[in-house]
Amino acid sequence: MSLYLQQSTRMSRHTNTKRIEGLNKNLWEILPSIALDQSVVNLGRGKPDIPPPSYIKEALAKAASVDILNQSTRGFGHPLLVKALSQVYGKICGRQINPFKEIMVTVGAYGSLFSTMQGLVDEGDEVIIVEPFFDCYLPMVKMAGAKPVLIPLRVKCGKKTLTGADWFLDPNELASKFSSKTKAIILNTPNNPIGKVFTREELQMIADLCIKHDTLCISDEVYEWLVYKGHQHIKIATLPGMWARTITIGSGGKTFTITGWKLGWSIGPEHLIKQLHIVMQNSMYTSPTPLQEALAQGLLHNFELMDRPECYFTSLAEELETKRDRLAAILQEVGMTPIIPEGGYFMLVDVTSLNQDLSHMADDDEAYDWKFVRWMIKEKKLAAIPVTAFVGDDSKKQFEKYICFCFIKQDGTLDAAEHILKNWNQI
């Protein structure tokens, strides 16, 4: 046997593990490669191009100048940061939260989700996921050896103007998804990408089922501060009987538009958080000290300003609401149907009325929204996200005429998008 064949034979067994089988498709690698053209206006990926508050950048520069803060800190969260989180969320939740036993800081909200899945979900378990979902939920459940059980948000028919509130979980359908194998349900409120803010009544319905079936709730609340007028974000962990069975996930990146810092956190009862500690200490171990120090300073600064207009926790949502309304008006003017989000910074858009014929595009198996986004990037120089990237196969038909735009953008970026949209038929 030749040396080449011997090497090929040896290498053939060095393939992927079963736990990552079929998880190689990455939305965030596929679409950016299409939109590399600098002339493309990108309203796709949720990458803010507005600046973060100056005081948080100054806090980072100051932290980096302190020698000891350039060394590793406590693995489960920098002491100042977990204390700051304890103050902020203790006030919100109306309870004392132990900063060292009931909070864990991770490498972004991704790290919190990963630690939760690896620490609390076992092989053979079932995890309920609400569609559309953030794209990492499903692969993280599968990597834990569990079975994803999907349920779609359904839309109320017959309304001229739709909002996030018009999407709902059918109570009977949701109840049917719970079984003796159900370990957890993943809740995302405000929802990405629909922008739905779950009401107290909807959260109570979920809570009742969690308690009835002794199920955990993994509550992804990274957009918790980005809630618009007339709506209220309620933490499911504050409902009766839910603190003991809920992991609440938050994000420094979403709170202060510093997504590149990759700092997130998990908050919950000690008996659950300590399982996440085991995953953290044997995987990511810790997060960068200067970034944690600066984030702590930003949280403490705004803790003192809570309930005042200048508090960034609420002032960012006011700024984004203007951008949301502007984008929605432009889309309506050109014949598209936006779903007005109640929270977050993404907007679902129904493109059915455009009647765009894409039959000439090669891949017949590709969902319509993927074709539409590829076509729009190439022909209109405008990037969006296909919504079927966030649902399972059984729900693709329900969502394939929707695309998703991000509006946490500078006015200049929105100006460029407006020019494209208003000249849709001429470009």
# chains A, B, ... in the order shown; residues from 1 in each chain; ligands from 1

call {"tool": "select_by_dssp", "arguments": {"residues": "range 30-251 of chain A", "states": "alpha helix (DSSP H)", "output": "PyMOL selection string"}}
result
chain A and resi 30-34+54-64+79-93+108-120+137-143+171-177+200-212

call {"tool": "select_by_dssp", "arguments": {"residues": "range 32-140 of chain A", "states": "strand (DSSP E or B)", "output": "ChimeraX atom specification"}}
result
/A:41-42,103-107,126-131

call {"tool": "write_last_selection", "arguments": {"atoms": "all heavy atoms", "output": "mmCIF file, in the first residue's frame"}}
result
data_model
loop_
_atom_site.group_PDB
_atom_site.id
_atom_site.type_symbol
_atom_site.label_atom_id
_atom_site.label_comp_id
_atom_site.auth_asym_id
_atom_site.auth_seq_id
_atom_site.Cartn_x
_atom_site.Cartn_y
_atom_site.Cartn_z
ATOM 1 N N VAL A 41 -25.893 47.259 1.606
ATOM 2 C CA VAL A 41 -26.393 47.819 2.868
ATOM 3 C C VAL A 41 -26.867 46.651 3.727
ATOM 4 O O VAL A 41 -27.795 45.941 3.354
ATOM 5 C CB VAL A 41 -27.536 48.817 2.617
ATOM 6 C CG1 VAL A 41 -28.067 49.365 3.942
ATOM 7 C CG2 VAL A 41 -27.065 49.952 1.718
ATOM 8 N N ASN A 42 -26.230 46.472 4.871
ATOM 9 C CA ASN A 42 -26.488 45.274 5.667
ATOM 10 C C ASN A 42 -27.444 45.569 6.823
ATOM 11 O O ASN A 42 -27.070 46.135 7.845
ATOM 12 C CB ASN A 42 -25.177 44.704 6.206
ATOM 13 C CG ASN A 42 -25.344 43.280 6.719
ATOM 14 O OD1 ASN A 42 -26.449 42.826 6.980
ATOM 15 N ND2 ASN A 42 -24.241 42.573 6.844
ATOM 16 N N ILE A 103 -25.414 33.648 40.638
ATOM 17 C CA ILE A 103 -25.072 34.354 39.391
ATOM 18 C C ILE A 103 -23.782 33.756 38.848
ATOM 19 O O ILE A 103 -22.842 33.494 39.610
ATOM 20 C CB ILE A 103 -24.872 35.866 39.626
ATOM 21 C CG1 ILE A 103 -26.171 36.518 40.119
ATOM 22 C CG2 ILE A 103 -24.397 36.556 38.344
ATOM 23 C CD1 ILE A 103 -26.009 37.976 40.513
ATOM 24 N N MET A 104 -23.728 33.547 37.530
ATOM 25 C CA MET A 104 -22.485 33.121 36.880
ATOM 26 C C MET A 104 -22.279 33.932 35.613
ATOM 27 O O MET A 104 -23.196 34.063 34.787
ATOM 28 C CB MET A 104 -22.512 31.632 36.532
ATOM 29 C CG MET A 104 -21.169 31.144 35.988
ATOM 30 S SD MET A 104 -21.140 29.375 35.606
ATOM 31 C CE MET A 104 -21.930 29.358 33.991
ATOM 32 N N VAL A 105 -21.098 34.489 35.468
ATOM 33 C CA VAL A 105 -20.730 35.257 34.272
ATOM 34 C C VAL A 105 -20.049 34.324 33.278
ATOM 35 O O VAL A 105 -19.228 33.480 33.658
ATOM 36 C CB VAL A 105 -19.799 36.430 34.632
ATOM 37 C CG1 VAL A 105 -19.331 37.165 33.373
ATOM 38 C CG2 VAL A 105 -20.516 37.395 35.581
ATOM 39 N N THR A 106 -20.400 34.475 31.995
ATOM 40 C CA THR A 106 -19.875 33.581 30.965
ATOM 41 C C THR A 106 -19.399 34.372 29.745
ATOM 42 O O THR A 106 -19.566 35.587 29.674
ATOM 43 C CB THR A 106 -20.960 32.586 30.510
ATOM 44 O OG1 THR A 106 -22.097 33.333 30.050
ATOM 45 C CG2 THR A 106 -21.385 31.687 31.646
ATOM 46 N N VAL A 107 -18.836 33.642 28.802
ATOM 47 C CA VAL A 107 -18.401 34.245 27.537
ATOM 48 C C VAL A 107 -19.648 34.442 26.671
ATOM 49 O O VAL A 107 -20.031 33.575 25.878
ATOM 50 C CB VAL A 107 -17.359 33.356 26.827
ATOM 51 C CG1 VAL A 107 -16.912 34.024 25.523
ATOM 52 C CG2 VAL A 107 -16.167 33.104 27.742
ATOM 53 N N GLU A 126 -35.949 15.588 26.649
ATOM 54 C CA GLU A 126 -36.579 16.393 25.602
ATOM 55 C C GLU A 126 -36.590 17.855 26.060
ATOM 56 O O GLU A 126 -36.796 18.144 27.243
ATOM 57 C CB GLU A 126 -37.999 15.920 25.326
ATOM 58 C CG GLU A 126 -38.055 14.533 24.698
ATOM 59 C CD GLU A 126 -39.476 14.091 24.331
ATOM 60 O OE1 GLU A 126 -40.434 14.827 24.683
ATOM 61 O OE2 GLU A 126 -39.614 13.019 23.709
ATOM 62 N N VAL A 127 -36.343 18.748 25.109
ATOM 63 C CA VAL A 127 -36.339 20.185 25.393
ATOM 64 C C VAL A 127 -37.271 20.872 24.398
ATOM 65 O O VAL A 127 -37.090 20.753 23.179
ATOM 66 C CB VAL A 127 -34.913 20.777 25.290
ATOM 67 C CG1 VAL A 127 -34.951 22.288 25.523
ATOM 68 C CG2 VAL A 127 -33.984 20.110 26.299
ATOM 69 N N ILE A 128 -38.256 21.580 24.910
ATOM 70 C CA ILE A 128 -39.219 22.294 24.063
ATOM 71 C C ILE A 128 -38.603 23.609 23.615
ATOM 72 O O ILE A 128 -38.064 24.372 24.427
ATOM 73 C CB ILE A 128 -40.537 22.539 24.821
ATOM 74 C CG1 ILE A 128 -41.188 21.203 25.208
ATOM 75 C CG2 ILE A 128 -41.498 23.374 23.972
ATOM 76 C CD1 ILE A 128 -42.373 21.341 26.144
ATOM 77 N N ILE A 129 -38.668 23.877 22.319
ATOM 78 C CA ILE A 129 -38.131 25.113 21.735
ATOM 79 C C ILE A 129 -39.239 25.803 20.955
ATOM 80 O O ILE A 129 -39.888 25.186 20.111
ATOM 81 C CB ILE A 129 -36.938 24.828 20.806
ATOM 82 C CG1 ILE A 129 -35.829 24.070 21.549
ATOM 83 C CG2 ILE A 129 -36.394 26.122 20.223
ATOM 84 C CD1 ILE A 129 -34.658 23.670 20.657
ATOM 85 N N VAL A 130 -39.458 27.083 21.230
ATOM 86 C CA VAL A 130 -40.480 27.865 20.536
ATOM 87 C C VAL A 130 -39.902 28.423 19.241
ATOM 88 O O VAL A 130 -38.833 29.042 19.241
ATOM 89 C CB VAL A 130 -40.986 29.018 21.436
ATOM 90 C CG1 VAL A 130 -42.033 29.849 20.702
ATOM 91 C CG2 VAL A 130 -41.572 28.460 22.743
ATOM 92 N N GLU A 131 -40.622 28.205 18.132
ATOM 93 C CA GLU A 131 -40.205 28.741 16.833
ATOM 94 C C GLU A 131 -40.919 30.066 16.541
ATOM 95 O O GLU A 131 -42.098 30.195 16.861
ATOM 96 C CB GLU A 131 -40.557 27.760 15.717
ATOM 97 C CG GLU A 131 -39.929 26.386 15.825
ATOM 98 C CD GLU A 131 -40.560 25.427 14.831
ATOM 99 O OE1 GLU A 131 -41.789 25.187 14.913
ATOM 100 O OE2 GLU A 131 -39.834 24.927 13.955
#

call {"tool": "residues_around", "arguments": {"residues": "range 309-321 of chain A", "least_positions_apart": "4", "cutoff": "6 Å", "atoms": "only C-alpha atoms", "output": "MDAnalysis selection string"}}
result
chainID A and resid 225:226 302 305

call {"tool": "write_last_selection", "arguments": {"atoms": "C-alpha atoms", "output": "PDB file, in the first residue's frame"}}
result
ATOM      1  CA  TRP A 225     -34.239  46.347  28.278  1.00  0.00           C
ATOM      2  CA  LEU A 226     -35.312  46.857  24.662  1.00  0.00           C
ATOM      3  CA  ASN A 302     -27.117  52.946  35.607  1.00  0.00           C
ATOM      4  CA  LEU A 305     -30.134  56.126  37.517  1.00  0.00           C
TER       5      LEU A 305
END

call {"tool": "closest_residue", "arguments": {"among": "A:Ser266, A:Thr238, A:Val334, A:Ile420", "to": "Gly250 in chain A", "atoms": "only C-alpha atoms"}}
result
A:Ser266

call {"tool": "closest_residue", "arguments": {"among": "A:Gly344, A:Ala416, A:Leu80, A:Ala294", "to": "Ser65 in chain A", "atoms": "only C-alpha atoms"}}
result
A:Ala294

call {"tool": "atom_distance", "arguments": {"atom1": "CA of Glu333 in chain A", "atom2": "CA of Asn192 in chain A"}}
result
24.4 Å

call {"tool": "residues_around", "arguments": {"residues": "Thr116 in chain A", "least_positions_apart": "6", "cutoff": "8 Å", "atoms": "only C-alpha atoms", "output": "PDB file with all heavy atoms, in the first residue's frame"}}
result
ATOM      1  N   ILE A 218     -35.554  27.637  30.746  1.00  0.00           N
ATOM      2  CA  ILE A 218     -34.340  28.366  30.363  1.00  0.00           C
ATOM      3  C   ILE A 218     -34.817  29.630  29.673  1.00  0.00           C
ATOM      4  O   ILE A 218     -35.288  29.584  28.535  1.00  0.00           O
ATOM      5  CB  ILE A 218     -33.450  27.514  29.445  1.00  0.00           C
ATOM      6  CG1 ILE A 218     -33.084  26.197  30.144  1.00  0.00           C
ATOM      7  CG2 ILE A 218     -32.193  28.281  29.044  1.00  0.00           C
ATOM      8  CD1 ILE A 218     -32.524  25.139  29.215  1.00  0.00           C
ATOM      9  N   ILE A 247     -33.488  29.242  34.904  1.00  0.00           N
ATOM     10  CA  ILE A 247     -32.205  29.897  34.626  1.00  0.00           C
ATOM     11  C   ILE A 247     -32.515  31.078  33.713  1.00  0.00           C
ATOM     12  O   ILE A 247     -33.041  30.903  32.611  1.00  0.00           O
ATOM     13  CB  ILE A 247     -31.207  28.952  33.924  1.00  0.00           C
ATOM     14  CG1 ILE A 247     -30.814  27.787  34.842  1.00  0.00           C
ATOM     15  CG2 ILE A 247     -29.968  29.734  33.470  1.00  0.00           C
ATOM     16  CD1 ILE A 247     -29.955  28.179  36.020  1.00  0.00           C
ATOM     17  N   LEU A 276     -23.893  24.612  36.549  1.00  0.00           N
ATOM     18  CA  LEU A 276     -23.289  25.407  35.479  1.00  0.00           C
ATOM     19  C   LEU A 276     -21.828  25.723  35.813  1.00  0.00           C
ATOM     20  O   LEU A 276     -20.970  25.802  34.921  1.00  0.00           O
ATOM     21  CB  LEU A 276     -24.071  26.700  35.257  1.00  0.00           C
ATOM     22  CG  LEU A 276     -25.325  26.636  34.388  1.00  0.00           C
ATOM     23  CD1 LEU A 276     -26.360  25.658  34.936  1.00  0.00           C
ATOM     24  CD2 LEU A 276     -25.945  28.009  34.227  1.00  0.00           C
TER      25      LEU A 276
END

call {"tool": "residues_around", "arguments": {"residues": "Asp365 in chain A", "least_positions_apart": "6", "cutoff": "12 Å", "atoms": "only C-alpha atoms", "output": "list in words"}}
result
Ser359, Lys371, Asp393 and Lys396 of chain A

call {"tool": "residues_around", "arguments": {"residues": "Leu299 in chain A", "least_positions_apart": "2", "cutoff": "12 Å", "atoms": "only C-alpha atoms", "output": "PyMOL selection string"}}
result
chain A and resi 53+55-56+59+80-89+251-252+255-256+292-297+301-306+311-313

call {"tool": "closest_residue", "arguments": {"among": "A:Ala384, A:Ile92, A:Leu421, A:Val66", "to": "His233 in chain A", "atoms": "only C-alpha atoms"}}
result
A:Ile92

call {"tool": "residues_around", "arguments": {"residues": "Pro51 in chain A", "least_positions_apart": "6", "cutoff": "9 Å", "atoms": "only C-alpha atoms", "output": "number ranges by chain"}}
result
A: 257-258, 410

call {"tool": "atom_distance", "arguments": {"atom1": "CA of Ile236 in chain A", "atom2": "CA of Ala207 in chain A"}}
result
7.3 Å

call {"tool": "closest_residue", "arguments": {"among": "A:Tyr137, A:Trp424, A:Phe198, A:Tyr402", "to": "Ala109 in chain A", "atoms": "only C-alpha atoms"}}
result
A:Tyr137

call {"tool": "closest_residue", "arguments": {"among": "A:Ile377, A:Ile273, A:Met284, A:Leu327", "to": "Phe100 in chain A", "atoms": "only C-alpha atoms"}}
result
A:Ile273

call {"tool": "atom_distance", "arguments": {"atom1": "CA of Leu169 in chain A", "atom2": "CA of Ile186 in chain A"}}
result
13.3 Å

call {"tool": "closest_residue", "arguments": {"among": "A:Gly145, A:Pro240, A:Pro338, A:Gly264", "to": "Arg19 in chain A", "atoms": "only C-alpha atoms"}}
result
A:Gly145
